[in-house]
Amino acid sequence: MLDELDRSIIRQLQEDLPIVRNPYKVLSGHLGISEDEYIKRTKYLAENSFIRRFGAALNHRSLGFSANAMAVWIVPDEKAEDIGKIMASFKEVSHCYQRPAFEGWPYNLFTMIHGKSHDECEKIAELIGEKTGINKYRLIYSTKEFKKTSMKYFVEDNM
Amino acid sequence: MDLIDSQLLNIIQKDFPIDSKPFEIIANIMNITEDEVLSRIRKLKKEGIIRRLGGIFDSKKLGYVSTLCAVKVQPQKIEEAAAFINTFNEVTHNYLRDNEFNIWFTLIAYSQERIQEILERIQGKFSDCIIINLPSKNLFKINVNLNVSDE
């Protein structure tokens, strides 16, 4: 179980790490604990997967990955597990989920495909289709970003 | 962006050192000075190539619930609906997409009840929209790092 000190550390680490020689010393000072204690607890959070990834979040667009397609696939439920794993193995796929289907929305596997153009995304989707034998799919592109933030945990009005 | 920047980005995207002097560790791996690592990271942040340096948390492990929602709303109502959806702090991503379900957003909230409450408030305000709630049943891959090429 996480205690209040862990939650304070999470509140800091979900913001920006100070770019100084001893960033954890600075952060631990704000909480009034030792640097050693701070590092020990942060390692615990990382080793026990509370932290999924620790490091830099990059701006994909400025790195040339300007086309991001949400590919949605119709896959028989009993095959979803195997096919999901194959789709996840493509390096251009950053996210792969199985989700429920609805009347009017038959697509149950979702992959985010990153490419440098729509053409490139479409080619990757074709390759995925060939490898998995799934030919019922659509690529859906975002045409406007209304919001993109990182989640703030354990803050007021959200606990 | 030069070759050293690309190498640096590939290293710090994952497993940033949790150690008293993390930038010195990176400097030693790359055979450059700690000062150079610090100044390059500051520059990459200033240029917006690094959005944030910190932790990305597993919402489920922290006791939160997440989902993806799609909304079918009349074209003339899109902007108003998107703005209303954005007012909830629990909405982390929100996009217009080229589909009959034209607004897609992700939600992370402290409980399933809170997610239902938010969806009901959106439905209440835009009574003729159709909202589908698509929580993941199975996760095969999430947010793996993209290789920064040396081109």
# chains A, B, ... in the order shown; residues from 1 in each chain; ligands from 1
call {"tool": "residues_around", "arguments": {"residues": "stretch 1-18 of chain B", "least_positions_apart": "3", "cutoff": "10 Å", "atoms": "only C-alpha atoms", "output": "JSON, numbers by chain"}}
result
{"A": [23, 24, 38, 39, 40, 42, 43, 46, 52, 53, 54, 55, 56, 57, 58, 63], "B": [21, 22, 23, 24, 25, 26, 27, 29, 30, 32, 37, 40, 41, 43, 44, 47, 49, 50, 53, 54, 55, 144, 145, 146, 147, 148, 149, 150, 151]}
call {"tool": "select_by_dssp", "arguments": {"residues": "stretch 77-118 of chain A", "states": "helix (DSSP H, G or I)", "output": "PyMOL selection string"}}
result
chain A and resi 77-88+118
call {"tool": "select_by_dssp", "arguments": {"residues": "stretch 27-130 of chain A", "states": "strand (DSSP E or B)", "output": "PDB file with C-alpha atoms, in the first residue's frame"}}
result
ATOM      1  CA  ILE A  51       5.782   3.793 -12.490  1.00  0.00           C
ATOM      2  CA  ARG A  52       5.214   2.299 -15.940  1.00  0.00           C
ATOM      3  CA  ARG A  53       8.041   4.213 -17.518  1.00  0.00           C
ATOM      4  CA  PHE A  54      10.501   6.671 -16.095  1.00  0.00           C
ATOM      5  CA  GLY A  55      12.153   9.053 -18.493  1.00  0.00           C
ATOM      6  CA  ALA A  56      11.510  11.511 -21.271  1.00  0.00           C
ATOM      7  CA  ALA A  57       8.138  11.841 -23.004  1.00  0.00           C
ATOM      8  CA  LEU A  58       8.905  13.009 -26.527  1.00  0.00           C
ATOM      9  CA  ALA A  67       0.875  10.783 -39.021  1.00  0.00           C
ATOM     10  CA  ASN A  68      -0.748   8.819 -36.237  1.00  0.00           C
ATOM     11  CA  ALA A  69      -3.508   6.471 -37.269  1.00  0.00           C
ATOM     12  CA  MET A  70      -5.908   4.712 -34.956  1.00  0.00           C
ATOM     13  CA  ALA A  71      -6.415   1.409 -36.730  1.00  0.00           C
ATOM     14  CA  VAL A  72      -9.519  -0.473 -35.612  1.00  0.00           C
ATOM     15  CA  TRP A  73      -9.980  -4.148 -36.487  1.00  0.00           C
ATOM     16  CA  VAL A  93       2.469   0.081 -33.175  1.00  0.00           C
ATOM     17  CA  SER A  94       2.686   1.996 -29.890  1.00  0.00           C
ATOM     18  CA  HIS A  95      -0.580   0.861 -28.296  1.00  0.00           C
ATOM     19  CA  CYS A  96      -2.650  -2.272 -28.771  1.00  0.00           C
ATOM     20  CA  TYR A  97      -5.869  -2.987 -26.875  1.00  0.00           C
ATOM     21  CA  GLN A  98      -8.877  -5.267 -27.066  1.00  0.00           C
ATOM     22  CA  PHE A 102     -21.225  -2.421 -29.833  1.00  0.00           C
ATOM     23  CA  TRP A 105     -19.346  -0.282 -33.691  1.00  0.00           C
ATOM     24  CA  LEU A 109      -9.023  -4.441 -31.543  1.00  0.00           C
ATOM     25  CA  PHE A 110      -7.358  -1.030 -31.487  1.00  0.00           C
ATOM     26  CA  THR A 111      -3.810  -0.204 -32.537  1.00  0.00           C
ATOM     27  CA  MET A 112      -2.087   3.158 -32.714  1.00  0.00           C
ATOM     28  CA  ILE A 113       0.192   3.244 -35.739  1.00  0.00           C
ATOM     29  CA  HIS A 114       2.907   5.878 -36.048  1.00  0.00           C
ATOM     30  CA  GLY A 115       4.309   6.833 -39.407  1.00  0.00           C
TER      31      GLY A 115
END
call {"tool": "closest_residue", "arguments": {"among": "B:Glu36, B:Asn31, B:Arg51, B:Phe88", "to": "chain A", "atoms": "only C-alpha atoms"}}
result
B:Arg51
call {"tool": "residues_around", "arguments": {"residues": "A:Lys148", "least_positions_apart": "5", "cutoff": "12 Å", "atoms": "only C-alpha atoms", "output": "ChimeraX atom specification"}}
result
/A:59 /B:51,86,89-95,104-107
call {"tool": "write_last_selection", "arguments": {"atoms": "C-alpha atoms", "output": "CSV table (one decimal), in the first residue's frame"}}
result
chain,number,residue,atom,x,y,z
A,59,ASN,CA,6.9,15.1,-29.0
B,51,ARG,CA,7.6,17.2,-23.6
B,86,ASN,CA,-12.4,19.3,-22.0
B,89,ASN,CA,-9.8,17.3,-15.4
B,90,GLU,CA,-10.2,13.5,-15.8
B,91,VAL,CA,-10.2,13.9,-19.6
B,92,THR,CA,-6.5,13.6,-20.6
B,93,HIS,CA,-6.7,13.3,-24.4
B,94,ASN,CA,-9.4,14.6,-26.8
B,95,TYR,CA,-9.4,14.5,-30.6
B,104,TRP,CA,-12.7,10.6,-29.1
B,105,PHE,CA,-11.4,11.1,-25.6
B,106,THR,CA,-9.7,9.2,-22.9
B,107,LEU,CA,-10.7,9.4,-19.2
call {"tool": "residues_around", "arguments": {"residues": "A:Lys79", "least_positions_apart": "2", "cutoff": "12 Å", "atoms": "only C-alpha atoms", "output": "number ranges by chain"}}
result
A: 74-77, 81-86, 98, 108-109, 132-134
call {"tool": "atom_distance", "arguments": {"atom1": "atom CA of B:Thr67", "atom2": "atom CA of B:Leu134"}}
result
6.1 Å
call {"tool": "closest_residue", "arguments": {"among": "A:Leu139, A:Ile124, A:Leu13, A:Ile33", "to": "B:Asn99", "atoms": "only C-alpha atoms"}}
result
A:Leu139
